[in-house]
file coords-v9.txt (compact mmCIF, C-alpha atoms and all ligand atoms)
# COMPACT_ATOMS: atom_id res chain seq x y z
CA MET A 1 98.21 71.82 81.95
CA LEU A 2 99.61 75.35 82.12
CA PRO A 3 102.54 76.59 84.22
CA ASP A 4 101.60 78.34 87.47
CA TYR A 5 103.68 81.51 87.80
CA HIS A 6 102.43 82.91 91.09
CA ILE A 7 103.11 80.90 94.24
CA HIS A 8 103.80 82.23 97.75
CA THR A 9 105.52 80.44 100.62
CA ALA A 10 105.33 80.68 104.41
CA LEU A 11 108.15 83.25 104.28
CA CYS A 12 105.61 85.97 103.44
CA LYS A 13 103.99 85.39 106.88
CA HIS A 14 100.47 84.88 105.48
CA ALA A 15 100.84 81.67 103.45
CA GLN A 16 101.30 78.06 104.50
CA GLY A 17 103.67 75.48 103.14
CA GLY A 18 107.23 75.22 101.93
CA VAL A 19 108.72 74.99 98.49
CA GLY A 20 108.69 71.16 98.47
CA GLU A 21 104.99 70.93 99.35
CA TYR A 22 103.97 73.36 96.62
CA ARG A 23 106.05 71.46 94.14
CA SER A 24 104.46 68.12 95.12
CA GLY A 25 101.05 69.76 94.75
CA ALA A 26 101.97 70.84 91.23
CA LYS A 27 103.38 67.43 90.34
CA LYS A 28 100.17 65.66 91.40
CA GLN A 29 98.24 67.81 88.96
CA GLY A 30 100.68 67.39 86.09
CA ILE A 31 101.58 71.11 86.06
CA PRO A 32 104.71 71.39 83.89
CA GLU A 33 106.38 74.38 85.57
CA ILE A 34 105.91 76.55 88.64
CA CYS A 35 107.36 79.89 89.62
CA PHE A 36 107.64 81.02 93.22
CA ALA A 37 106.67 84.68 93.44
CA ASP A 38 106.88 85.54 97.09
CA HIS A 39 106.60 89.17 98.19
CA ALA A 40 109.81 91.13 97.72
CA PRO A 41 111.85 91.94 100.79
CA ASN A 42 112.33 95.60 101.35
CA PRO A 43 114.86 97.17 103.68
CA ASP A 44 113.08 100.56 103.82
CA GLY A 45 110.37 99.20 106.11
CA TYR A 46 107.52 99.04 103.62
CA ASP A 47 104.67 96.72 104.74
CA PRO A 48 106.87 94.36 106.81
CA ALA A 49 103.84 92.27 107.87
CA HIS A 50 103.48 90.63 104.46
CA ARG A 51 107.02 89.88 103.34
CA MET A 52 110.30 88.16 104.08
CA THR A 53 113.14 90.26 105.45
CA LEU A 54 116.19 90.89 103.33
CA ASN A 55 118.08 88.51 105.66
CA GLN A 56 115.62 85.72 104.77
CA PHE A 57 116.04 86.15 101.03
CA PRO A 58 119.08 83.83 100.77
CA SER A 59 117.05 80.99 102.34
CA TYR A 60 114.17 81.64 99.88
CA LYS A 61 116.59 81.41 97.00
CA ALA A 62 118.38 78.35 98.41
CA GLY A 63 115.08 76.53 99.06
CA ILE A 64 114.09 77.02 95.44
CA SER A 65 117.45 76.01 94.03
CA MET A 66 117.28 72.79 96.08
CA VAL A 67 114.24 71.62 94.13
CA GLN A 68 115.65 72.66 90.75
CA ASP A 69 116.71 69.08 90.07
CA GLY A 70 115.75 68.73 86.40
CA GLU A 71 112.68 66.60 87.22
CA PRO A 72 109.26 67.94 86.27
CA PRO A 73 107.70 70.21 87.27
CA GLY A 74 110.38 72.79 86.52
CA VAL A 75 110.82 75.40 89.24
CA LEU A 76 111.56 79.06 88.59
CA LEU A 77 112.86 81.75 90.91
CA GLY A 78 110.46 84.65 90.90
CA LEU A 79 109.23 87.52 92.97
CA GLU A 80 106.08 89.56 93.40
CA ALA A 81 107.30 93.10 93.94
CA ASP A 82 105.02 95.92 94.99
CA TYR A 83 105.21 99.17 93.17
CA TYR A 84 104.98 102.15 95.51
CA GLU A 85 106.46 105.62 95.54
CA GLY A 86 110.20 105.28 96.07
CA CYS A 87 110.47 101.49 95.61
CA GLU A 88 112.96 102.07 92.80
CA ARG A 89 115.59 103.19 95.31
CA PHE A 90 116.13 99.62 96.50
CA LEU A 91 114.75 97.55 93.63
CA SER A 92 116.67 99.12 90.76
CA SER A 93 120.02 98.19 92.30
CA TRP A 94 118.99 94.91 93.99
CA LEU A 95 116.69 93.17 91.47
CA PRO A 96 119.08 92.74 88.52
CA ASP A 97 121.71 90.92 90.62
CA GLN A 98 119.52 88.17 92.13
CA GLY A 99 119.21 85.86 89.13
CA PHE A 100 115.43 86.01 88.93
CA ASP A 101 113.55 84.21 86.18
CA PHE A 102 110.41 86.31 86.61
CA VAL A 103 109.53 89.54 88.39
CA LEU A 104 105.84 90.24 88.71
CA GLY A 105 104.85 93.82 89.52
CA SER A 106 101.77 94.40 91.67
CA VAL A 107 99.98 97.23 93.41
CA HIS A 108 98.35 96.48 96.78
CA PHE A 109 98.39 99.98 98.30
CA ILE A 110 97.04 103.40 97.36
CA ASN A 111 98.63 106.16 99.49
CA GLY A 112 99.28 103.68 102.28
CA TRP A 113 95.77 102.13 102.17
CA GLY A 114 95.94 98.35 101.73
CA PHE A 115 92.76 98.40 99.65
CA ASP A 116 92.68 94.61 99.20
CA ASN A 117 93.33 93.83 102.87
CA PRO A 118 90.16 92.51 104.57
CA GLU A 119 91.09 94.50 107.69
CA GLU A 120 90.99 97.72 105.66
CA ARG A 121 87.93 96.87 103.61
CA HIS A 122 85.67 99.25 105.59
CA ILE A 123 87.50 102.20 104.01
CA TRP A 124 85.80 101.34 100.71
CA ASP A 125 82.42 102.19 102.24
CA SER A 126 83.29 105.88 102.48
CA ALA A 127 85.56 106.02 99.41
CA ASP A 128 84.69 107.47 96.01
CA VAL A 129 84.94 104.18 94.12
CA THR A 130 85.64 105.60 90.65
CA ALA A 131 88.24 108.07 91.97
CA THR A 132 89.90 105.26 93.92
CA TRP A 133 90.23 103.12 90.79
CA ARG A 134 91.63 106.12 88.96
CA ARG A 135 94.29 106.57 91.63
CA TYR A 136 95.02 102.85 91.51
CA PHE A 137 95.68 102.96 87.78
CA GLU A 138 97.92 106.00 88.26
CA VAL A 139 100.10 103.87 90.52
CA VAL A 140 100.00 100.99 88.00
CA THR A 141 101.11 103.44 85.31
CA ARG A 142 104.17 104.31 87.37
CA LEU A 143 104.81 100.59 87.87
CA VAL A 144 104.79 100.06 84.10
CA ASP A 145 106.91 103.12 83.39
CA CYS A 146 109.65 102.27 85.90
CA GLY A 147 110.69 99.33 83.71
CA LEU A 148 111.62 97.02 86.59
CA PHE A 149 109.01 94.30 86.07
CA ASP A 150 108.20 91.58 83.51
CA ALA A 151 104.41 91.53 83.90
CA VAL A 152 101.58 93.12 85.87
CA GLY A 153 99.87 90.93 88.48
CA HIS A 154 96.11 90.88 89.10
CA LEU A 155 95.54 94.08 87.11
CA ASP A 156 92.03 94.81 88.41
CA LEU A 157 92.66 93.87 92.06
CA PRO A 158 90.49 96.73 93.45
CA LYS A 159 87.40 94.69 92.43
CA LYS A 160 88.23 92.13 95.15
CA PHE A 161 85.34 93.11 97.46
CA GLY A 162 82.99 94.05 94.63
CA TYR A 163 83.55 97.83 94.50
CA ARG A 164 83.81 98.75 90.83
CA PRO A 165 83.50 101.69 88.47
CA SER A 166 81.20 101.53 85.44
CA ASP A 167 82.48 99.50 82.48
CA ARG A 168 82.83 102.70 80.53
CA ASP A 169 84.94 104.45 83.17
CA LEU A 170 87.01 101.32 83.64
CA LYS A 171 87.70 101.08 79.91
CA ASP A 172 88.81 104.73 79.81
CA MET A 173 91.17 104.13 82.73
CA VAL A 174 92.66 100.83 81.66
CA ARG A 175 93.25 101.50 77.94
CA PRO A 176 96.20 103.88 78.39
CA VAL A 177 97.75 101.53 80.94
CA LEU A 178 97.51 98.62 78.50
CA ASP A 179 98.95 100.78 75.72
CA ARG A 180 101.99 101.47 77.88
CA MET A 181 102.33 97.80 78.87
CA ALA A 182 102.28 96.82 75.18
CA ARG A 183 104.93 99.41 74.30
CA ALA A 184 107.11 98.23 77.19
CA GLY A 185 106.78 94.56 76.17
CA MET A 186 105.23 93.67 79.51
CA GLY A 187 103.03 90.66 80.12
CA ILE A 188 99.70 90.38 81.89
CA GLU A 189 98.85 87.77 84.48
CA LEU A 190 95.52 85.91 84.57
CA ASN A 191 95.21 85.33 88.30
CA THR A 192 92.63 82.82 89.55
CA SER A 193 92.78 83.90 93.21
CA GLY A 194 89.86 86.26 92.57
CA LEU A 195 87.70 83.12 92.34
CA ARG A 196 88.50 82.50 96.02
CA LYS A 197 87.62 86.08 97.02
CA PRO A 198 84.25 87.87 97.49
CA VAL A 199 84.24 89.05 93.84
CA GLY A 200 84.33 85.42 92.65
CA GLU A 201 86.08 86.31 89.37
CA ILE A 202 89.47 85.86 87.78
CA TYR A 203 91.69 88.98 87.68
CA PRO A 204 91.46 90.71 85.26
CA SER A 205 87.92 90.77 83.85
CA PRO A 206 87.08 89.44 80.35
CA MET A 207 86.84 93.01 79.04
CA ILE A 208 90.40 93.83 80.15
CA VAL A 209 91.75 90.52 78.85
CA SER A 210 90.21 91.29 75.43
CA LEU A 211 91.74 94.79 75.40
CA ALA A 212 95.11 93.25 76.31
CA ARG A 213 94.77 90.72 73.50
CA GLU A 214 93.99 93.48 70.99
CA ARG A 215 97.30 95.09 71.94
CA GLY A 216 99.30 91.85 71.67
CA ILE A 217 100.19 91.82 75.38
CA PRO A 218 101.46 88.32 76.23
CA VAL A 219 99.63 86.41 78.93
CA CYS A 220 100.67 84.06 81.73
CA PHE A 221 98.74 82.24 84.47
CA GLY A 222 98.97 82.39 88.24
CA SER A 223 96.98 80.86 91.09
CA ASP A 224 98.47 83.23 93.71
CA ALA A 225 98.66 80.10 95.87
CA HIS A 226 98.91 80.73 99.60
CA SER A 227 98.63 77.02 100.42
CA PRO A 228 99.81 73.96 98.45
CA GLY A 229 96.21 72.99 97.59
CA ASP A 230 95.79 76.27 95.66
CA VAL A 231 98.40 75.45 92.99
CA GLY A 232 96.84 75.50 89.52
CA ASP A 233 93.49 76.47 91.06
CA ARG A 234 90.81 76.37 88.32
CA PHE A 235 93.24 77.01 85.49
CA ALA A 236 90.70 75.50 83.08
CA LEU A 237 88.58 78.64 83.64
CA ALA A 238 91.58 80.89 83.06
CA LEU A 239 92.36 79.02 79.86
CA ASP A 240 88.77 79.55 78.69
CA LEU A 241 89.05 83.26 79.52
CA ALA A 242 92.26 83.60 77.50
CA ARG A 243 90.85 81.69 74.54
CA GLU A 244 87.59 83.64 74.54
CA ALA A 245 89.62 86.84 74.34
CA GLY A 246 91.37 85.42 71.27
CA TYR A 247 94.66 84.31 72.79
CA THR A 248 96.32 81.37 71.04
CA GLU A 249 99.67 81.67 72.84
CA TYR A 250 100.96 82.36 76.34
CA PHE A 251 104.42 83.20 77.57
CA ARG A 252 106.95 81.21 79.50
CA ILE A 253 109.93 82.96 80.97
CA ARG A 254 113.43 82.12 82.08
CA GLN A 255 116.13 84.54 83.17
CA ARG A 256 113.58 87.27 82.47
CA LYS A 257 113.32 86.42 78.74
CA LYS A 258 109.83 85.60 77.51
CA GLU A 259 109.10 82.90 74.97
CA LEU A 260 105.69 82.22 73.47
CA ALA A 261 104.12 78.76 73.64
CA VAL A 262 100.92 77.43 72.09
CA LEU A 263 97.88 77.65 74.31
ZN ZN A 301 99.42 90.30 94.90
ZN ZN A 302 100.54 87.13 95.30
call {"tool": "encode", "arguments": {"input": "coords-v9.txt", "output": "structure tokens", "more": "lines below"}}
Ligand SMILES: [Zn+2]
Ligand SMILES: [Zn+2]
result
Amino acid sequence: MLPDYHIHTALCKHAQGGVGEYRSGAKKQGIPEICFADHAPNPDGYDPAHRMTLNQFPSYKAGISMVQDGEPPGVLLGLEADYYEGCERFLSSWLPDQGFDFVLGSVHFINGWGFDNPEERHIWDSADVTATWRRYFEVVTRLVDCGLFDAVGHLDLPKKFGYRPSDRDLKDMVRPVLDRMARAGMGIELNTSGLRKPVGEIYPSPMIVSLARERGIPVCFGSDAHSPGDVGDRFALALDLAREAGYTEYFRIRQRKKELAVL
């Protein structure tokens, strides 16, 4: 079994279950290590509906340290932090001092549009799909370039509801992003939550995973669990995806230092 590096808790206001329940779920399945990656708090008022407040962060951290008891599965302190214009103001001073094992960088908004939010899905119907993806990858490029994150989460998230550019356009857009990720030593997350969404596919697609493999970008696995039953969700399919792309190793991380392990 592979580690699951993307688990939310009830603190983000849209997931169920506490740290202990997620850990029991992982233990039942024989998952060797889990990393909590709840949405980053942000004092500048960005998307408060989907995240803990800065005041709640100490209880997030304490809850995780309480289950770091040396018994398997190992538990890591992580965070899923959104990249958006200006996020560096808070994150660059706050992130390094919190003792994180893993910081996953994600993009869920384009110019204030929560493009993966079911309540804002209708906006896709009148959007230029290819231009939207292009704008999305521009934001991801800034995420990569800011140097604050260890890996990129669900890299092709805009496919969630099935709106996609052509393969050719997508390749043109994603290649330069992957080049920059490789140069920056960033990892890529294979995220199985897409299997639970209308698109019915792991993020990112086999084509992107192959392009990442060609560039030597290290891979990790996340269920993006929002309830304890999601932990390790269909990781066998994610393992197949990684192997088919040619991966023979994946990364584990501690104190933000990656180490490769055999897949
Ligand atoms: Zn996310
Ligand atoms: Zn997530």
call {"tool": "closest_residue", "arguments": {"input": "coords-v9.txt", "among": "A:Thr248, A:Gln98, A:Thr141, A:Ser205", "to": "Lys159 (chain A)", "atoms": "all atoms listed in the file"}}
result
A:Ser205
call {"tool": "residues_near_ligand", "arguments": {"input": "coords-v9.txt", "ligand": "ligand ZN 302 (chain A)", "cutoff": "10 Å", "atoms": "all atoms listed in the file", "output": "list in words"}}
result
Tyr5, His6, Ile7, His8, Thr9, Cys12, Ala15, Phe36, Ala37, Asp38, His39, Leu79, Glu80, Ala81, Asp82, Leu104, Gly105, Ser106, His108, Gly153, His154, Asn191, Ser193, Gly222, Ser223, Asp224, Ala225 and His226 of chain A
call {"tool": "write_last_selection", "arguments": {"input": "coords-v9.txt", "atoms": "C-alpha atoms", "output": "PDB file, in the coordinates of the input"}}
result
ATOM      1  CA  TYR A   5     103.680  81.510  87.800  1.00  0.00           C
ATOM      2  CA  HIS A   6     102.430  82.910  91.090  1.00  0.00           C
ATOM      3  CA  ILE A   7     103.110  80.900  94.240  1.00  0.00           C
ATOM      4  CA  HIS A   8     103.800  82.230  97.750  1.00  0.00           C
ATOM      5  CA  THR A   9     105.520  80.440 100.620  1.00  0.00           C
ATOM      6  CA  CYS A  12     105.610  85.970 103.440  1.00  0.00           C
ATOM      7  CA  ALA A  15     100.840  81.670 103.450  1.00  0.00           C
ATOM      8  CA  PHE A  36     107.640  81.020  93.220  1.00  0.00           C
ATOM      9  CA  ALA A  37     106.670  84.680  93.440  1.00  0.00           C
ATOM     10  CA  ASP A  38     106.880  85.540  97.090  1.00  0.00           C
ATOM     11  CA  HIS A  39     106.600  89.170  98.190  1.00  0.00           C
ATOM     12  CA  LEU A  79     109.230  87.520  92.970  1.00  0.00           C
ATOM     13  CA  GLU A  80     106.080  89.560  93.400  1.00  0.00           C
ATOM     14  CA  ALA A  81     107.300  93.100  93.940  1.00  0.00           C
ATOM     15  CA  ASP A  82     105.020  95.920  94.990  1.00  0.00           C
ATOM     16  CA  LEU A 104     105.840  90.240  88.710  1.00  0.00           C
ATOM     17  CA  GLY A 105     104.850  93.820  89.520  1.00  0.00           C
ATOM     18  CA  SER A 106     101.770  94.400  91.670  1.00  0.00           C
ATOM     19  CA  HIS A 108      98.350  96.480  96.780  1.00  0.00           C
ATOM     20  CA  GLY A 153      99.870  90.930  88.480  1.00  0.00           C
ATOM     21  CA  HIS A 154      96.110  90.880  89.100  1.00  0.00           C
ATOM     22  CA  ASN A 191      95.210  85.330  88.300  1.00  0.00           C
ATOM     23  CA  SER A 193      92.780  83.900  93.210  1.00  0.00           C
ATOM     24  CA  GLY A 222      98.970  82.390  88.240  1.00  0.00           C
ATOM     25  CA  SER A 223      96.980  80.860  91.090  1.00  0.00           C
ATOM     26  CA  ASP A 224      98.470  83.230  93.710  1.00  0.00           C
ATOM     27  CA  ALA A 225      98.660  80.100  95.870  1.00  0.00           C
ATOM     28  CA  HIS A 226      98.910  80.730  99.600  1.00  0.00           C
TER      29      HIS A 226
END
call {"tool": "closest_residue", "arguments": {"input": "coords-v9.txt", "among": "A:Met1, A:Ala127, A:Val231, A:Met186", "to": "Leu143 (chain A)", "atoms": "only C-alpha atoms"}}
result
A:Met186
call {"tool": "residues_around", "arguments": {"input": "coords-v9.txt", "residues": "Leu157 (chain A)", "least_positions_apart": "3", "cutoff": "12 Å", "atoms": "all atoms listed in the file", "output": "ChimeraX atom specification"}}
result
/A:106-110,114-117,132-133,136-137,140,152-154,160-164,189-195,197-205
call {"tool": "residues_around", "arguments": {"input": "coords-v9.txt", "residues": "Gly229 (chain A)", "least_positions_apart": "3", "cutoff": "10 Å", "atoms": "only C-alpha atoms", "output": "list in words"}}
result
Gln16, Gly17, Glu21, Tyr22, Ser24, Gly25, Ala26, Ala225, His226, Gly232 and Asp233 of chain A
call {"tool": "closest_residue", "arguments": {"input": "coords-v9.txt", "among": "A:Thr130, A:Thr53, A:Gln29, A:Ser65", "to": "Leu77 (chain A)", "atoms": "only C-alpha atoms"}}
result
A:Ser65
call {"tool": "closest_residue", "arguments": {"input": "coords-v9.txt", "among": "A:Pro32, A:Pro48, A:Pro158, A:Gly18", "to": "ligand ZN 301 (chain A)", "atoms": "only C-alpha atoms and all ligand atoms"}}
result
A:Pro158
call {"tool": "closest_residue", "arguments": {"input": "coords-v9.txt", "among": "A:Cys146, A:Leu155, A:Cys35, A:Gly74", "to": "ligand ZN 301 (chain A)", "atoms": "only C-alpha atoms and all ligand atoms"}}
result
A:Leu155
call {"tool": "closest_residue", "arguments": {"input": "coords-v9.txt", "among": "A:Tyr83, A:Phe100, A:Leu211, A:Ser166", "to": "ligand ZN 301 (chain A)", "atoms": "all atoms listed in the file"}}
result
A:Tyr83
call {"tool": "residues_around", "arguments": {"input": "coords-v9.txt", "residues": "Asp167 (chain A)", "least_positions_apart": "5", "cutoff": "12 Å", "atoms": "only C-alpha atoms", "output": "PyMOL selection string"}}
result
chain A and resi 130+133+172-175+205-208
call {"tool": "axis_aligned_box", "arguments": {"input": "coords-v9.txt", "around": "region 66-75 of chain A", "padding_each_side": "3 Å", "output": "lines of an AutoDock Vina configuration file"}}
result
center_x = 112.5
center_y = 71.0
center_z = 91.2
size_x = 15.6
size_y = 14.8
size_z = 15.8
